[in-house]
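Chemist: Please find coords.cif (mmCIF, C-alpha atoms) on the next line:
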data_model
#
loop_
_atom_site.label_atom_id
_atom_site.label_comp_id
_atom_site.auth_asym_id
_atom_site.auth_seq_id
_atom_site.Cartn_x
_atom_site.Cartn_y
_atom_site.Cartn_z
CA GLY A 1 38.79 -35.23 -37.42
CA LEU A 2 36.16 -34.33 -39.99
CA LEU A 3 33.80 -33.01 -37.27
CA GLY A 4 36.56 -31.29 -35.31
CA ASN A 5 37.39 -32.12 -31.71
CA ARG A 6 34.75 -32.57 -29.00
CA LEU A 7 34.59 -28.85 -28.14
CA GLU A 8 34.43 -27.76 -31.78
CA PHE A 9 31.67 -30.26 -32.50
CA ARG A 10 29.71 -29.00 -29.50
CA LYS A 11 30.11 -25.39 -30.57
CA ASN A 12 29.47 -25.91 -34.31
CA TYR A 13 26.59 -28.39 -34.16
CA GLU A 14 25.45 -29.81 -30.85
CA LEU A 15 24.43 -26.66 -28.96
CA ASP A 16 22.44 -25.17 -31.87
CA ILE A 17 20.68 -28.48 -32.60
CA LEU A 18 19.73 -29.04 -28.95
CA ARG A 19 18.57 -25.44 -28.60
CA GLY A 20 16.36 -25.84 -31.68
CA ARG A 21 14.79 -28.99 -30.24
CA ASP A 22 13.92 -27.38 -26.92
CA SER A 23 10.17 -27.01 -26.32
CA LEU A 24 10.69 -23.30 -25.51
CA ALA A 25 12.84 -22.58 -28.58
CA THR A 26 12.06 -19.49 -30.67
CA ASP A 27 11.37 -19.82 -34.42
CA LYS A 28 14.83 -18.43 -35.15
CA GLU A 29 16.49 -21.02 -32.87
CA LYS A 30 14.46 -23.84 -34.47
CA GLU A 31 15.45 -22.66 -37.94
CA LYS A 32 19.13 -22.50 -37.00
CA GLY A 33 18.92 -25.95 -35.36
CA ASP A 34 17.36 -27.44 -38.52
CA GLU A 35 20.08 -25.84 -40.70
CA LYS A 36 22.86 -27.27 -38.52
CA LEU A 37 21.20 -30.69 -38.45
CA LYS A 38 20.90 -30.72 -42.25
CA GLU A 39 24.53 -29.68 -42.58
CA LEU A 40 25.64 -32.41 -40.14
CA THR A 41 23.52 -35.07 -41.86
CA GLU A 42 24.98 -34.27 -45.30
CA LEU A 43 28.47 -34.47 -43.83
CA VAL A 44 28.11 -37.80 -42.00
CA GLN A 45 26.22 -39.49 -44.85
CA LYS A 46 29.55 -39.69 -46.69
CA PHE A 47 30.98 -42.15 -44.18
CA ILE A 48 28.05 -43.81 -42.36
CA ILE A 49 26.80 -47.04 -43.92
CA ARG A 50 23.21 -47.85 -43.01
CA ARG A 51 21.96 -51.20 -44.20
CA THR A 52 18.27 -52.01 -44.08
CA ASN A 53 16.50 -55.28 -44.86
CA ASP A 54 15.64 -53.90 -48.32
CA ILE A 55 19.01 -55.31 -49.43
CA LEU A 56 17.86 -58.82 -48.52
CA SER A 57 14.18 -58.65 -49.44
CA LYS A 58 14.68 -59.73 -53.06
CA TYR A 59 16.44 -62.93 -51.94
CA LEU A 60 13.89 -63.97 -49.31
CA PRO A 61 10.48 -65.61 -49.65
CA VAL A 62 7.42 -63.46 -48.91
CA LYS A 63 6.85 -62.81 -45.20
CA TYR A 64 3.33 -63.28 -43.85
CA GLU A 65 2.25 -61.68 -40.58
CA TYR A 66 -0.80 -62.89 -38.71
CA VAL A 67 -2.26 -61.20 -35.64
CA ILE A 68 -4.18 -63.87 -33.76
CA PHE A 69 -6.66 -62.85 -31.08
CA CYS A 70 -6.79 -65.71 -28.58
CA GLY A 71 -9.92 -65.87 -26.46
CA LEU A 72 -9.38 -66.10 -22.71
CA SER A 73 -9.99 -69.39 -20.94
CA ASP A 74 -12.92 -69.52 -18.49
CA MET A 75 -10.53 -69.05 -15.57
CA GLN A 76 -8.76 -66.08 -17.20
CA LYS A 77 -12.06 -64.44 -18.11
CA THR A 78 -13.47 -64.80 -14.58
CA LEU A 79 -10.31 -63.37 -12.95
CA TYR A 80 -10.06 -60.58 -15.55
CA ASN A 81 -13.65 -59.42 -15.00
CA HIS A 82 -13.27 -59.69 -11.22
CA PHE A 83 -10.12 -57.54 -11.29
CA ILE A 84 -11.41 -54.78 -13.61
CA THR A 85 -14.58 -54.35 -11.51
CA SER A 86 -12.68 -54.34 -8.20
CA PRO A 87 -12.66 -51.28 -5.87
CA GLU A 88 -8.91 -50.93 -6.57
CA ILE A 89 -9.52 -50.34 -10.30
CA LYS A 90 -12.45 -48.00 -9.63
CA LYS A 91 -10.12 -45.85 -7.50
CA LEU A 92 -7.46 -45.99 -10.19
CA LEU A 93 -9.89 -44.80 -12.88
CA LYS A 94 -10.87 -41.85 -10.68
CA GLY A 95 -7.18 -40.93 -10.43
CA GLU A 96 -6.94 -41.83 -6.74
CA HIS A 97 -4.37 -44.54 -7.32
CA SER A 98 -0.79 -44.08 -8.48
CA GLN A 99 -0.01 -47.49 -9.98
CA PRO A 100 -1.82 -47.88 -13.32
CA LEU A 101 1.20 -49.59 -14.93
CA LYS A 102 1.18 -52.24 -12.22
CA ALA A 103 -2.49 -53.00 -13.01
CA ILE A 104 -1.79 -53.12 -16.77
CA GLY A 105 1.20 -55.41 -16.16
CA LEU A 106 -0.96 -57.72 -14.09
CA LEU A 107 -3.59 -57.95 -16.85
CA LYS A 108 -0.91 -58.57 -19.50
CA LYS A 109 0.46 -61.47 -17.44
CA LEU A 110 -3.02 -62.85 -16.78
CA CYS A 111 -3.67 -62.87 -20.55
CA ASN A 112 -0.56 -65.02 -21.06
CA HIS A 113 -1.21 -67.56 -18.29
CA PRO A 114 -2.62 -67.36 -14.73
CA ASN A 115 0.59 -69.11 -13.54
CA LEU A 116 2.44 -65.83 -14.12
CA LEU A 117 0.52 -64.31 -11.21
CA ASN A 118 0.92 -65.05 -7.56
CA LEU A 119 -2.66 -66.14 -6.87
CA PRO A 120 -4.69 -65.38 -4.84
CA GLU A 121 -2.44 -62.63 -3.39
CA ASP A 122 -2.20 -60.57 -6.60
CA ILE A 123 -5.98 -60.24 -7.05
CA ASP A 124 -7.92 -59.46 -3.88
CA GLY A 125 -10.94 -61.63 -3.17
CA CYS A 126 -10.36 -64.15 -5.97
CA GLU A 127 -9.97 -67.24 -3.75
CA ASP A 128 -13.37 -68.67 -4.73
CA LEU A 129 -12.76 -68.07 -8.46
CA ILE A 130 -9.76 -70.39 -8.78
CA PRO A 131 -10.78 -73.82 -10.21
CA GLU A 132 -10.11 -76.87 -8.05
CA ASP A 133 -7.91 -78.48 -10.71
CA TYR A 134 -5.68 -75.38 -11.05
CA LYS A 135 -2.04 -75.86 -10.04
CA ASP A 136 0.43 -73.03 -9.60
CA ASP A 137 3.66 -74.96 -10.02
CA ARG A 138 6.03 -72.16 -11.05
CA ASN A 139 8.27 -72.88 -8.11
CA SER A 140 7.96 -76.62 -8.43
CA THR A 141 11.30 -78.34 -8.83
CA GLY A 142 9.82 -81.43 -10.45
CA ARG A 143 10.72 -81.45 -14.14
CA ASN A 144 7.76 -83.63 -15.08
CA ARG A 145 5.00 -81.25 -14.04
CA GLU A 146 2.77 -80.38 -16.97
CA VAL A 147 1.77 -76.89 -18.10
CA GLN A 148 -2.00 -76.53 -17.79
CA THR A 149 -2.67 -75.13 -21.26
CA CYS A 150 -6.43 -75.47 -20.65
CA HIS A 151 -6.26 -72.41 -18.35
CA SER A 152 -4.73 -70.14 -21.04
CA GLY A 153 -6.11 -69.29 -24.49
CA LYS A 154 -2.63 -68.38 -25.76
CA PHE A 155 -0.98 -71.55 -24.49
CA GLU A 156 -3.71 -73.74 -25.97
CA MET A 157 -3.06 -72.06 -29.33
CA LEU A 158 0.73 -72.31 -28.94
CA GLU A 159 0.54 -76.01 -28.06
CA ARG A 160 -1.51 -76.66 -31.19
CA PHE A 161 0.88 -74.61 -33.36
CA LEU A 162 3.96 -76.44 -32.12
CA PHE A 163 2.37 -79.86 -32.53
CA LYS A 164 1.11 -79.23 -36.08
CA ILE A 165 4.31 -77.57 -37.30
CA ARG A 166 6.44 -80.33 -35.75
CA MET A 167 4.36 -83.14 -37.26
CA GLU A 168 3.80 -81.70 -40.74
CA THR A 169 6.93 -79.65 -41.57
CA ASP A 170 10.70 -79.35 -41.05
CA ASP A 171 10.31 -75.73 -39.91
CA LYS A 172 12.04 -74.26 -36.88
CA ILE A 173 10.39 -71.67 -34.65
CA VAL A 174 11.50 -68.70 -32.57
CA VAL A 175 9.18 -67.94 -29.63
CA ILE A 176 9.58 -64.44 -28.17
CA SER A 177 8.17 -62.99 -24.95
CA ASN A 178 8.74 -59.90 -22.82
CA TYR A 179 8.65 -62.02 -19.68
CA THR A 180 11.19 -64.66 -18.70
CA GLN A 181 8.41 -66.24 -16.61
CA THR A 182 6.43 -66.84 -19.84
CA LEU A 183 9.55 -68.38 -21.40
CA ASP A 184 9.81 -70.66 -18.33
CA LEU A 185 6.32 -71.99 -19.07
CA VAL A 186 6.99 -72.41 -22.81
CA GLU A 187 10.23 -74.23 -21.95
CA LYS A 188 8.28 -76.55 -19.68
CA LEU A 189 5.73 -77.12 -22.46
CA CYS A 190 8.56 -78.07 -24.86
CA ARG A 191 10.00 -80.52 -22.31
CA GLN A 192 6.56 -81.99 -21.77
CA HIS A 193 6.23 -82.79 -25.50
CA LYS A 194 9.93 -83.65 -25.93
CA TYR A 195 10.59 -80.79 -28.35
CA GLY A 196 14.26 -79.79 -28.46
CA ALA A 197 14.51 -76.17 -27.28
CA LEU A 198 17.25 -73.59 -26.72
CA ARG A 199 16.85 -70.41 -24.71
CA LEU A 200 18.47 -66.98 -24.74
CA ASP A 201 17.51 -64.27 -22.24
CA GLY A 202 19.18 -61.29 -20.57
CA THR A 203 20.97 -63.49 -18.01
CA MET A 204 23.07 -65.22 -20.68
CA ASN A 205 26.70 -64.21 -21.09
CA ILE A 206 27.25 -62.45 -24.46
CA ASN A 207 30.16 -64.80 -25.26
CA LYS A 208 27.86 -67.82 -24.99
CA ARG A 209 25.11 -66.33 -27.16
CA GLN A 210 26.77 -66.92 -30.53
CA LYS A 211 27.42 -70.59 -29.73
CA LEU A 212 23.74 -71.03 -28.94
CA VAL A 213 22.68 -69.24 -32.13
CA ASP A 214 25.09 -71.34 -34.25
CA ARG A 215 23.70 -74.51 -32.69
CA PHE A 216 20.13 -73.52 -33.56
CA ASN A 217 21.05 -72.39 -37.09
CA ASN A 218 22.66 -75.76 -37.84
CA PRO A 219 20.21 -77.56 -40.22
CA GLU A 220 21.22 -80.93 -38.72
CA GLY A 221 20.47 -79.76 -35.15
CA LYS A 222 17.70 -81.41 -33.15
CA GLU A 223 16.51 -78.15 -31.60
CA PHE A 224 13.13 -77.19 -33.01
CA VAL A 225 12.28 -74.17 -30.80
CA PHE A 226 14.39 -71.13 -29.85
CA LEU A 227 13.09 -69.22 -26.82
CA LEU A 228 14.10 -65.57 -26.89
CA SER A 229 13.51 -62.76 -24.42
CA SER A 230 12.66 -59.45 -26.11
CA LYS A 231 14.67 -57.77 -23.34
CA ALA A 232 17.85 -59.72 -24.13
CA GLY A 233 19.26 -56.77 -26.07
CA GLY A 234 20.05 -56.75 -29.78
CA CYS A 235 23.62 -57.96 -30.10
CA GLY A 236 23.27 -58.89 -33.75
CA ILE A 237 21.33 -62.11 -33.23
CA ASN A 238 20.69 -63.70 -36.64
CA LEU A 239 18.43 -66.71 -36.25
CA ILE A 240 18.52 -67.74 -39.91
CA GLY A 241 17.75 -71.35 -38.94
CA ALA A 242 14.12 -70.44 -38.21
CA ASN A 243 11.44 -69.54 -40.71
CA ARG A 244 8.62 -68.95 -38.24
CA LEU A 245 8.37 -66.58 -35.31
CA ILE A 246 5.75 -66.42 -32.59
CA LEU A 247 5.52 -63.22 -30.56
CA MET A 248 3.71 -64.20 -27.37
CA ASP A 249 2.84 -60.71 -26.16
CA PRO A 250 2.85 -57.30 -27.83
CA ASP A 251 5.20 -54.75 -26.27
CA TRP A 252 4.54 -51.04 -26.01
CA ASN A 253 6.10 -48.02 -24.42
CA PRO A 254 3.88 -46.48 -21.70
CA ALA A 255 5.63 -43.14 -22.21
#
I need this file expressed as structure tokens, please.
Modeler:
Amino acid sequence: GLLGNRLEFRKNYELDILRGRDSLATDKEKEKGDEKLKELTELVQKFIIRRTNDILSKYLPVKYEYVIFCGLSDMQKTLYNHFITSPEIKKLLKGEHSQPLKAIGLLKKLCNHPNLLNLPEDIDGCEDLIPEDYKDDRNSTGRNREVQTCHSGKFEMLERFLFKIRMETDDKIVVISNYTQTLDLVEKLCRQHKYGALRLDGTMNINKRQKLVDRFNNPEGKEFVFLLSSKAGGCGINLIGANRLILMDPDWNPA
């Protein structure tokens, strides 16, 4: 009851703060909004506990972050250049097209692996640019089909990482992607090399998540890779079993 009931809270704090944040607010309204916000912050600080990773930092080894620029494979490069010089993109750059995010999404997927696209339908006029040895086996039911890492700069790098880390260390790895389709390919790559892998994405029931996390965190467990969708929602997932993390694709907010 420290903040009053719903109506009192709205009258004492909420309305003034929202008014002050409005783009058309006067200086007086902004000033009043800031005062109310300060007052509210001082009040709630007494009973809100906010823990940051600063508490843990002194107990953990140093964290190293590497940003690795993976060159495109020949196939990716050819398709990329074909797409960005297409009439569709020229129209888009002139503002005559209303789907720039679709084009960006297509290029992001192409940079991960051409298998993420529905070729040749997704890129007009690319039929002659697809190598003869290329296989789009996303919908293949055969579990033994191999991922063609040679057609993706990122997957070539990932394959090398996994192999070296598996052979030379006892480390466990979390691999994160924005796309479940990318996780499908990484999962297939792990099967291909007989790496134990677990997977958590947005389709998994919240009750089952903790069991999966506990299994991965178990030092005696055989699972070496944990595949995680960045869209799975943060329900307090603590993957303390892993000491390496690979983020397959950067995420950004188009807004």
Chemist: Evaluated on this file, the PyMOL selection byres ((chain A and resi 111) around 9) picks out some residues - which ones are they, written as a PyMOL selection string?
Modeler: chain A and resi 72+76-77+80+106-110+112-114+152-154+249
Chemist: Applied to this file, what does the PyMOL selection byres ((chain A and resi 217) around 7) return in terms of residues, put as a ChimeraX atom specification?
Modeler: /A:213-216,218-219,239-241
Chemist: When you look at Met157 (chain A) with a cut-off of 10 Å (counting only C-alpha atoms), what residues show up, excluding the ones that are within fewer than 4 positions of it in the same chain? I need them as a compact mmCIF listing (two decimals) with C-alpha atoms, keeping the file's coordinate frame.
Modeler:
# COMPACT_ATOMS: atom_id res chain seq x y z
CA ILE A 68 -4.18 -63.87 -33.76
CA CYS A 70 -6.79 -65.71 -28.58
CA GLY A 71 -9.92 -65.87 -26.46
CA THR A 149 -2.67 -75.13 -21.26
CA CYS A 150 -6.43 -75.47 -20.65
CA SER A 152 -4.73 -70.14 -21.04
CA GLY A 153 -6.11 -69.29 -24.49
CA PHE A 161 0.88 -74.61 -33.36
CA LEU A 162 3.96 -76.44 -32.12
Chemist: Separation of CA of Glu121 (chain A) and CA of Ala232 (chain A), in Å?
Modeler: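 Distance between the two atoms: 29.2 Å.
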Chemist: Of the candidates A:His151, A:Arg21, A:Lys164, A:Lys38, which shows the shortest atom-to-atom distance to Tyr134 (chain A), using only C-alpha atoms?
Modeler: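 Under the stated criterion, the closest residue is A:His151.
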Chemist: What's the 8 Å shell around Leu228 (chain A), counting only C-alpha atoms, without same-chain residues fewer than 5 positions away, as a PDB file with C-alpha atoms, in the frame of the given file?
Modeler:
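What ended up in result.pdb:
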ATOM      1  CA  VAL A 174      11.500 -68.700 -32.570  1.00  0.00           C
ATOM      2  CA  VAL A 175       9.180 -67.940 -29.630  1.00  0.00           C
ATOM      3  CA  ILE A 176       9.580 -64.440 -28.170  1.00  0.00           C
ATOM      4  CA  SER A 177       8.170 -62.990 -24.950  1.00  0.00           C
ATOM      5  CA  LEU A 183       9.550 -68.380 -21.400  1.00  0.00           C
ATOM      6  CA  ARG A 199      16.850 -70.410 -24.710  1.00  0.00           C
ATOM      7  CA  LEU A 200      18.470 -66.980 -24.740  1.00  0.00           C
ATOM      8  CA  ASP A 201      17.510 -64.270 -22.240  1.00  0.00           C
TER       9      ASP A 201
END
Chemist: Neighbours of region 2-16 of chain A within 6 Å (all atoms listed in the file; same-chain residues fewer than 2 positions away dropped), as a list of chain:residue names?
Modeler: A:Leu18, A:Arg19, A:Gly33, A:Lys36
Chemist: Applying 10 Å and all atoms listed in the file, which residues near Pro120 (chain A) remain after dropping the ones on its own chain fewer than 6 positions away? List them as a ChimeraX atom specification.
Modeler: /A:126-130
Chemist: Please produce a file of the residues just selected, as an mmCIF file, in the coordinates of the input, where the atoms kept are C-alpha atoms.
Modeler:
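As written to disk, out.cif reads:
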data_model
loop_
_atom_site.group_PDB
_atom_site.id
_atom_site.type_symbol
_atom_site.label_atom_id
_atom_site.label_comp_id
_atom_site.auth_asym_id
_atom_site.auth_seq_id
_atom_site.Cartn_x
_atom_site.Cartn_y
_atom_site.Cartn_z
ATOM 1 C CA CYS A 126 -10.360 -64.150 -5.970
ATOM 2 C CA GLU A 127 -9.970 -67.240 -3.750
ATOM 3 C CA ASP A 128 -13.370 -68.670 -4.730
ATOM 4 C CA LEU A 129 -12.760 -68.070 -8.460
ATOM 5 C CA ILE A 130 -9.760 -70.390 -8.780
#
Chemist: Have a look at A:Thr182, A:Pro61, A:Ile165, A:Ile89 and name the one nearest to Leu117 (chain A); count all atoms listed in the file.
Modeler: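 Between A:Thr182, A:Pro61, A:Ile165, A:Ile89, the residue approaching Leu117 (chain A) most closely is A:Thr182.
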Chemist: By how many Å are CA of Ile123 (chain A) and CA of Leu79 (chain A) apart?
Modeler: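 Going from CA of Ile123 (chain A) over to CA of Leu79 (chain A) covers 8.0 Å.
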Chemist: CA of Gly196 (chain A) to CA of Ile173 (chain A): how many Å, to one decimal?
Modeler: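 Distance between the two atoms: 10.9 Å.
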Chemist: Which one is closest to Asp170 (chain A): A:Glu39, A:Glu29, A:Glu96, A:Glu223? Count all atoms listed in the file.
Modeler: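 Among the listed residues, A:Glu223 lies closest to Asp170 (chain A).
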Chemist: Between A:Ile206, A:Ile237, A:Met248, A:Val67, which one has atoms that come closest to Phe155 (chain A), using all atoms listed in the file?
Modeler: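 Among A:Ile206, A:Ile237, A:Met248, A:Val67, it is A:Met248 that comes nearest to Phe155 (chain A).
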Chemist: Enumerate, as a list in words, the residues matched when the PyMOL selection byres ((chain A and resi 136) around 12) is run on the file above.
Modeler: His113, Pro114, Asn115, Leu116, Leu117, Asn118, Leu119, Pro120, Ile130, Pro131, Glu132, Asp133, Tyr134, Lys135, Asp137, Arg138, Asn139, Ser140, Arg145, Glu146, Val147, Gln148, His151 and Leu185 of chain A
Chemist: Using all atoms listed in the file, pick whichever of A:Lys102, A:Ser86, A:Arg160, A:Ala25 has the shortest atom-to-atom distance to Asp124 (chain A).
Modeler: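 So, comparing all the options, the nearest one is A:Ser86.
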